[in-house]
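Engineer: Please find one structure pasted underneath; my questions will follow.
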Amino acid sequence: MFPRLACCSRLPSRTRQLHVCPLFSRAMSQTKFPLTRSHGKSFAHRSELKQAKRIVVKLGSAVVTRGDEGGLALGRLASIVEQVAVLQNQGREMMIVTSGAVAFGKQRLRHEILLSQSVRQALHSGQNQLKEMSVPVLEARACAAAGQSGLMALYEAMFTQYSTCTAQILVTNLDFHDEQKRRNLNSTLHELLRMNIVPIINTNDAVVPPPVPTSDLQGVNVISIKDNDSLAARLAVEMKADLLIALSDVEGLYDSPPGTDDAKLIDIFYPGDQQSITYGTKSRVGIGGMEAKVKAALWALQGGTSVVIANGTHPKVTGHVITDIVEGKKVGTFFSEVKPAGPTVEQQAEMARQGGRSLASLLSEERAEITCRLADLLIEKKDEILSANKRDMELAMASGRLSLPLLNRLSLSSSKLNSLAIGLRQIAVSSRDSVGQVLRRTRVANNLELEQITVPIGVLLVIFESRPDCLPQVSALAIASGNALLLKGGKEAANTNKILHQLTQEALSIHGVKDAIQLVSTREEVEDLCRLDKMVDLIIPRGSSQLVRDIQKAAKGIPVLGHSEGICHVYIDADASIDKAIDVVKDSKCDYPAACNAMETLLIHRDLLRTPIFDQIIDLLRTEQVKIHAGPRFASYLTFSPSEVKSLRTEYGDLECCIEVVDSMQDAVDHIHKYGSSHTDVIITENEETAEQFLQQLDSACVFWNASSRFADGYRFGLGAEVGISTARIHARGPVGLEGLLTTKWVLRGEGHTVADFSEQGSMKYLHENIPVPKRNFS
């Protein structure tokens with residue numbers, strides 16, 4: 001016999017006017033992509049889940065039902081249906097294993113019973129005074145029988161909104177253990193998938209016996225269908241599915257029962273790890289628990305299907321949990337048979353934190369020794385570093401994916417390494433008076449003294465692109481400030497980053513704090529790293545404005561230090577020197593156009609138009625092959641103007657700039673406040689009063705007078721190096737060096753003092769006297 005099958009009676013019209021959600025609209029506008037994969041081994045890494053062609057989505061009872069267990073969670077189901085439809089219309093083959101028939105039937109039967117009771121009571125009493133009514137305990141099989149049709153009708157109505165057809169299949173154990181029925185089921189499912197129909201499968205709870213403990217799940221060919229976890233696993237293996245997504249009411253698998261103090265979510269679970277975890281109680285509804293889910297998941301994994309267990313009830317993630325999993329994002333627990341050789345990023349973060357605490361406890365002289373040793377290693381191992389960098393350059397040029405400015409950033413040279421070593425030694429000197437510095441002392445009362453001292457921030461996460469020289473710079477600043485460090489470099493610099501990190505750990509080893517700086521080499525997505533809010537205290541992006549914006553958007557509860565754009569202005573005042581103007585403009589724009597401190601907009605005082613200084617500046621830009629975009633006012637003065645700028649808030653990052661005309665210094669300040677990014681802005685003038693007004697009124701992180709915007713750099717400021725330039729208005733601003741990586745803590749020393757001592761009836765009075773802070777003297 002064929003399994004019980006109920007298919008929608010007709011395919012919905014493709015021309016019908018539908019109300020479609022934005023997520024689905026975007027997916028439909030994308031071209032379907034071919035997905036071909038021969039089923040064999042499961043995926044080894046999350047990033048490979050994008051290749052999944054055939055996907056089973058299992059919806060647990062807690063996902064389908066409301067919290068009060070009185071009916072279905074309609075809003076949650078609607079978002080899940082939308083995601084399944086999105087993936088189906090991408091060319092994937094989607095199947096759903098769903099619970100909910102019992103809950104749907106229970107709601108329906110309760111309503112019928114209450115209605116029936118109210119009618120009988122009204123007829124019996126002849127009055128409208130009804131007694132309190134009670135609903136008898138409803139048998140689950142009866143509820144399932146009453147709810148199956150309604151549940152399927154709901155799914156059909158929802159999927160119709162996305163022009164997707166569905167079919168219902170009810171199964172029991174016999175459909176898998178009877179060879180003929182198993183083949184019939186397999187044939188039916190394949191035919192439905194071939195016709196682009198989404199099968200919706202459930203155990204036939206109206207006829208199945210109550211579940212009893214069995215000794216199944218022992219091998220690939222033996223599994224009893226006693227809940228929807230085992231059904232989904234059996235179905236996934238039977239249909240050679242690439243991925244099984246099991247949604248429940250927990251975030252995933254924990255190393256101890258969720259809710260306990262030390263419980264940690266397991267990102268990747270391996271078959272050999274089941275002995276290291278303990279299980280809590282089962283879900284609030286349903287007949288399976290986490291142990292059953294894990295056993296079913298491992299059984300499916302052994303059969304060649306990848307598995308992810310995730311939360312399908314969280315209101316903030318339900319709307320994209322399925323699509324996030326398929327995109328390879330770190331959601332829930334991923335089951336893998338391939339265990340990486342190194343530690344996970346979570347383990348690296350914990351190692352870094354412990355190592356960072358040891359690093360912070362060292363004497364400042366010892367931290368300085370580590371930094372100086374790293375500077376020496378950059379020179380001693382120069383040939384090895386340049387050899388690794390050469391391999392990266394050759395691979396990057398062969399791929400053709402990097403632009404010329406990014407290739408220049410990737411490249412190292414002997415002179416760059418020498419400059420790095422000099423900068424590191426500057427940091428070593430400045431680090432002798434950093435951590436533990438007393439900023440203020442206060443005598444709160446007699447024998448009660450308060451100190452404010454500098455301390456490390458904690459664990460820093462630095463994400464950088466195409467800039468291997470960033471690694472030793474940031475490492476030196478972390479060492480000097482006593483901070484732990486997680487580094488995530490671009491894959492284009494993998495070889496260079498690897499040897500630079502090895503040298504950094506070699507330097508740290510002289511005082512036994514090797515683990516304080518970790519290089520993330522696993523396949524972690526940047527967005528996943530930004531979710532380590534319990535392990536990372538500050539994120540510092542080093543790269544393109546797009547990278548910074550992406551990180552600022554992705555960071556969940558972690559502060560981000562940096563700037564998303566470097567729209568730097570140079571204003572040439574009416575009293576400017578011709579020579580200074582030409583020199584500053586040339587250096588600001590042409591020295592390194594891709595830098596965040598390069599000039600992007602040139603503001604010119606109106607009185608300078610059609611004067612020698614204006615003509616020479618235009619000639620300079622043309623000679624340097626700088627493409628000019630005319631601002632609206634500048635274009636209005638010209639008969640034949642360059643291309644008019646699309647936006648006055650543009651970071652070109654190349655030999656391009658905007659020219660605009662202003663009426664005064666105040667007009668220039670107003671323009672910069674409106675269109676700038678608070679990074680670095682310059683005035684060129686010989687009028688000291690005008691210059692000082694510009695410097696005082698402008699609230700950018702760096703404001704210069706008669707000097708190139710390219711001076712906005714930690715090394716050029718004498719900081720030794722920088723972790724980046726911040727345009728934020730709290731904590732650190734401008735080039736962030738050693739001081740920007742420190743915070744403070746308050747230390748109070750007393751002798752049994754209590755607040756009650758200072759009450760009206762108390763015996764003590766507040767003094768709040770400032771105590772001079774002794775200056776440290778380091779040779």
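Labeling convention for the structure tokens: chains A, B, ... as they appear, residues from 1 per chain, ligands from 1 in order of appearance.
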Using only C-alpha atoms, find each residue in stretch 364-459 of chain A having at least one atom no more than 9 Å away from stretch 719-738 of chain A; report its shortest atom-to-atom pair and that distance in Å (one decimal), rows by chain then rising number, as a Markdown table.
Structural biologist:
| residue | atom | partner | partner_atom | distance |
| --- | --- | --- | --- | --- |
| A:Leu420 | CA | A:Ala721 | CA | 8.5 |
| A:Ile422 | CA | A:Gly720 | CA | 7.8 |
| A:Gly423 | CA | A:Gly720 | CA | 4.3 |
| A:Leu424 | CA | A:Gly720 | CA | 6.1 |
| A:Arg425 | CA | A:Gly720 | CA | 7.5 |
| A:Gln426 | CA | A:Gly720 | CA | 4.9 |
| A:Ile427 | CA | A:Gly720 | CA | 5.0 |
| A:Ala428 | CA | A:Gly720 | CA | 8.6 |
| A:Ser430 | CA | A:Leu738 | CA | 8.0 |
| A:Ser431 | CA | A:Leu738 | CA | 7.5 |
| A:Ser434 | CA | A:Leu738 | CA | 7.7 |
Engineer: Would you mind listing what lies within 10 Å of A:Thr504 as a list in words, with only C-alpha atoms counted and same-chain residues fewer than 3 positions away left out?
Structural biologist: Ile370, Thr371, Arg373, Leu374, Ala375, Leu377, Leu378, Leu471, Pro472, Ser475, Ala476, Ile479, Lys498, Ile499, Leu500, His501, Ala507, Leu508, Ser509, Lys514, Ile517 and Gln518 of chain A
Engineer: In Å, with one decimal, what is the gap from atom CA of A:Gln552 to atom CA of A:Gln696?
Structural biologist: 29.4 Å
Engineer: Tell me, which residues of stretch 502-640 of chain A carry DSSP alpha helix (DSSP H), written as a ChimeraX atom specification?
Structural biologist: /A:502-508,526-529,545-554,578-590,612-623,632-636
Engineer: Write out as an mmCIF file with N, CA and C atoms, in the first residue's frame the residues lying within 12 Å of A:Glu139, counting only C-alpha atoms and excluding same-chain residues fewer than 6 positions away.
Structural biologist:
data_model
loop_
_atom_site.group_PDB
_atom_site.id
_atom_site.type_symbol
_atom_site.label_atom_id
_atom_site.label_comp_id
_atom_site.auth_asym_id
_atom_site.auth_seq_id
_atom_site.Cartn_x
_atom_site.Cartn_y
_atom_site.Cartn_z
ATOM 1 N N VAL A 102 -1.830 17.230 17.158
ATOM 2 C CA VAL A 102 -2.456 17.016 18.469
ATOM 3 C C VAL A 102 -2.889 18.353 19.066
ATOM 4 N N ALA A 103 -2.004 19.348 18.999
ATOM 5 C CA ALA A 103 -2.327 20.660 19.559
ATOM 6 C C ALA A 103 -3.493 21.308 18.824
ATOM 7 N N GLY A 105 -5.832 19.721 17.094
ATOM 8 C CA GLY A 105 -7.046 18.970 17.425
ATOM 9 C C GLY A 105 -7.533 19.240 18.832
ATOM 10 N N LYS A 106 -6.615 19.393 19.781
ATOM 11 C CA LYS A 106 -6.993 19.674 21.169
ATOM 12 C C LYS A 106 -7.753 20.997 21.247
ATOM 13 N N LEU A 109 -11.229 20.364 19.643
ATOM 14 C CA LEU A 109 -12.117 19.551 20.471
ATOM 15 C C LEU A 109 -12.539 20.274 21.741
ATOM 16 N N ARG A 110 -11.657 21.028 22.351
ATOM 17 C CA ARG A 110 -12.028 21.802 23.536
ATOM 18 C C ARG A 110 -13.159 22.765 23.209
ATOM 19 N N ALA A 145 -6.464 12.931 15.323
ATOM 20 C CA ALA A 145 -7.435 12.674 14.264
ATOM 21 C C ALA A 145 -8.221 13.926 13.927
ATOM 22 N N ALA A 146 -8.557 14.694 14.961
ATOM 23 C CA ALA A 146 -9.335 15.916 14.734
ATOM 24 C C ALA A 146 -8.487 17.048 14.164
ATOM 25 N N ASP A 205 -0.487 9.996 14.139
ATOM 26 C CA ASP A 205 -0.704 9.883 15.583
ATOM 27 C C ASP A 205 -2.104 9.388 15.939
ATOM 28 N N ALA A 206 -2.981 9.335 14.960
ATOM 29 C CA ALA A 206 -4.333 8.846 15.244
ATOM 30 C C ALA A 206 -4.377 7.333 15.409
ATOM 31 N N VAL A 207 -3.363 6.629 14.906
ATOM 32 C CA VAL A 207 -3.393 5.164 14.964
ATOM 33 C C VAL A 207 -2.166 4.564 15.628
ATOM 34 N N PRO A 210 1.047 4.315 21.905
ATOM 35 C CA PRO A 210 1.874 5.215 22.712
ATOM 36 C C PRO A 210 3.330 4.778 22.660
#
Engineer: Considering only C-alpha atoms, state which residue in the set A:Phe176, A:Tyr571, A:Trp746, A:Phe159 is at the smallest distance from A:Phe704.
Structural biologist: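 Of A:Phe176, A:Tyr571, A:Trp746, A:Phe159, the one nearest A:Phe704 is A:Tyr571, counting only C-alpha atoms.
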Engineer: Which neighbours of A:Ser544 fall inside 12 Å, counting only C-alpha atoms, when residues of the same chain fewer than 3 positions from it are skipped, and could you give them as an mmCIF file with C-alpha atoms, in the first residue's frame?
Structural biologist:
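Below you can see around-v2.cif, which holds the result:
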data_model
loop_
_atom_site.group_PDB
_atom_site.id
_atom_site.type_symbol
_atom_site.label_atom_id
_atom_site.label_comp_id
_atom_site.auth_asym_id
_atom_site.auth_seq_id
_atom_site.Cartn_x
_atom_site.Cartn_y
_atom_site.Cartn_z
ATOM 1 C CA PRO A 405 45.675 49.583 -3.736
ATOM 2 C CA LEU A 406 44.934 46.322 -1.862
ATOM 3 C CA ARG A 409 48.723 47.023 1.300
ATOM 4 C CA ILE A 463 39.694 42.047 12.114
ATOM 5 C CA PHE A 464 41.927 43.274 9.317
ATOM 6 C CA GLU A 465 42.099 43.003 5.537
ATOM 7 C CA SER A 466 45.139 42.688 3.271
ATOM 8 C CA ARG A 467 47.461 44.322 5.825
ATOM 9 C CA GLY A 490 42.210 38.175 5.452
ATOM 10 C CA PRO A 541 38.110 46.629 12.403
ATOM 11 C CA LEU A 547 34.192 46.098 6.338
ATOM 12 C CA VAL A 548 33.775 48.588 9.179
ATOM 13 C CA ARG A 549 30.090 49.137 8.366
ATOM 14 C CA ASP A 550 29.469 45.394 8.167
ATOM 15 C CA ILE A 551 31.103 44.844 11.552
ATOM 16 C CA GLY A 562 36.708 52.675 14.383
ATOM 17 C CA HIS A 563 35.223 54.750 11.635
ATOM 18 C CA SER A 564 33.035 53.668 8.747
ATOM 19 C CA GLU A 565 34.241 56.392 6.387
ATOM 20 C CA GLY A 566 37.220 58.677 5.930
ATOM 21 C CA ALA A 594 43.480 54.465 -0.637
ATOM 22 C CA ALA A 595 44.250 55.550 2.937
ATOM 23 C CA CYS A 596 41.411 56.599 5.213
ATOM 24 C CA GLU A 651 34.948 58.363 -0.002
ATOM 25 C CA TYR A 652 36.680 57.640 -3.318
ATOM 26 C CA GLY A 653 39.737 55.761 -2.027
ATOM 27 C CA GLY A 724 42.976 52.423 13.957
#
Engineer: Considering only C-alpha atoms, can you say which of A:Gly304, A:Gly332, A:Gly400, A:Pro612 comes closest to A:Arg46?
Structural biologist: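 Counting only C-alpha atoms, the residue closest to A:Arg46 is A:Gly332.
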Engineer: Enumerate, as an NGL selection string, the complete set of residues in stretch 545-755 of chain A that a backbone-based DSSP assignment places in strand (DSSP E or B).
Structural biologist: :A and (560 or 568-572 or 599-605 or 627-630 or 644 or 656-662 or 680-684 or 702-705 or 724-726 or 734-736 or 742-749)
Engineer: For A:Arg710, which residue out of A:Glu366, A:Asp591, A:Glu739, A:Asp607 is the nearest one, using only C-alpha atoms?
Structural biologist: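 With only C-alpha atoms as the atom set, the closest residue is A:Asp591.
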Engineer: Between A:Gln354, A:Gln348, A:Glu451, A:Ala581, which one has atoms that come closest to A:Leu529, using only C-alpha atoms?
Structural biologist: A:Gln348
Engineer: Residues at most 10 Å from A:His673, counting only C-alpha atoms, excluding those fewer than 6 positions away in the same chain, as a VMD selection string?
Structural biologist: chain A and resid 667 697 to 700
Engineer: Save out the residues we just selected, N, CA, C and O atoms, as a tab-separated table (two decimals), in the first residue's frame.
Structural biologist:
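Full text of part34.tsv as output:
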chain	number	residue	atom	x	y	z
A	667	ASP	N	31.52	78.94	6.29
A	667	ASP	CA	30.81	78.13	5.31
A	667	ASP	C	31.50	76.77	5.13
A	667	ASP	O	30.85	75.74	4.98
A	697	GLN	N	36.24	75.41	16.12
A	697	GLN	CA	34.84	75.17	15.79
A	697	GLN	C	34.60	73.77	15.22
A	697	GLN	O	33.53	73.19	15.43
A	698	LEU	N	35.58	73.24	14.51
A	698	LEU	CA	35.39	71.95	13.87
A	698	LEU	C	35.53	70.83	14.89
A	698	LEU	O	36.48	70.82	15.68
A	699	ASP	N	34.60	69.88	14.90
A	699	ASP	CA	34.62	68.82	15.93
A	699	ASP	C	35.08	67.48	15.39
A	699	ASP	O	34.71	66.44	15.90
A	700	SER	N	35.91	67.49	14.35
A	700	SER	CA	36.48	66.24	13.83
A	700	SER	C	37.52	65.69	14.79
A	700	SER	O	38.02	66.40	15.67
Engineer: Per residue of stretch 311-382 of chain A within 7 Å of stretch 68-83 of chain A, record the nearest atom pair and its distance in Å to one decimal, counting only C-alpha atoms, with rows in chain order and ascending residue number, as JSON lines.
Structural biologist:
{"residue": "A:Thr318", "atom": "CA", "partner": "A:Arg76", "partner_atom": "CA", "distance": 6.9}
{"residue": "A:Gly319", "atom": "CA", "partner": "A:Ser79", "partner_atom": "CA", "distance": 5.1}
{"residue": "A:His320", "atom": "CA", "partner": "A:Gln83", "partner_atom": "CA", "distance": 6.9}
{"residue": "A:Ile322", "atom": "CA", "partner": "A:Gln83", "partner_atom": "CA", "distance": 6.5}
{"residue": "A:Thr323", "atom": "CA", "partner": "A:Gln83", "partner_atom": "CA", "distance": 6.3}
Engineer: Choose the residue, out of A:His569, A:Arg108, A:Lys627, A:Lys382, that has the smallest atom-to-atom separation from A:Ser677; count only C-alpha atoms.
Structural biologist: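 Among the listed residues, the smallest separation from A:Ser677 belongs to A:His569.
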Engineer: Quick one: everything within 10 Å of A:Thr313, counting only C-alpha atoms, minus sequence neighbours fewer than 5 positions away in the same chain. Send it as an MDAnalysis selection string.
Structural biologist: chainID A and resid 60 62:67 73 76:77 247:251 318:319 321
Engineer: Keeping only C-alpha atoms, write the selected residues to a file as a compact mmCIF listing (two decimals), in the first residue's frame.
Structural biologist:
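Full text of out_36.txt as output:
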# COMPACT_ATOMS: atom_id res chain seq x y z
CA GLY A 60 9.13 20.27 17.05
CA ALA A 62 7.36 23.52 21.02
CA VAL A 63 7.95 25.36 17.72
CA VAL A 64 4.52 24.70 16.26
CA THR A 65 2.42 25.28 19.38
CA ARG A 66 1.83 28.37 21.49
CA GLY A 67 3.31 28.75 24.92
CA ALA A 73 1.82 29.61 16.94
CA ARG A 76 5.96 31.65 13.97
CA LEU A 77 4.65 29.14 11.43
CA LEU A 247 14.04 23.23 15.29
CA SER A 248 13.17 23.09 18.98
CA ASP A 249 12.76 25.53 21.89
CA VAL A 250 16.46 25.58 22.90
CA GLU A 251 19.37 27.31 21.18
CA THR A 318 12.75 32.77 13.98
CA GLY A 319 12.22 34.89 10.88
CA VAL A 321 16.88 30.93 11.42
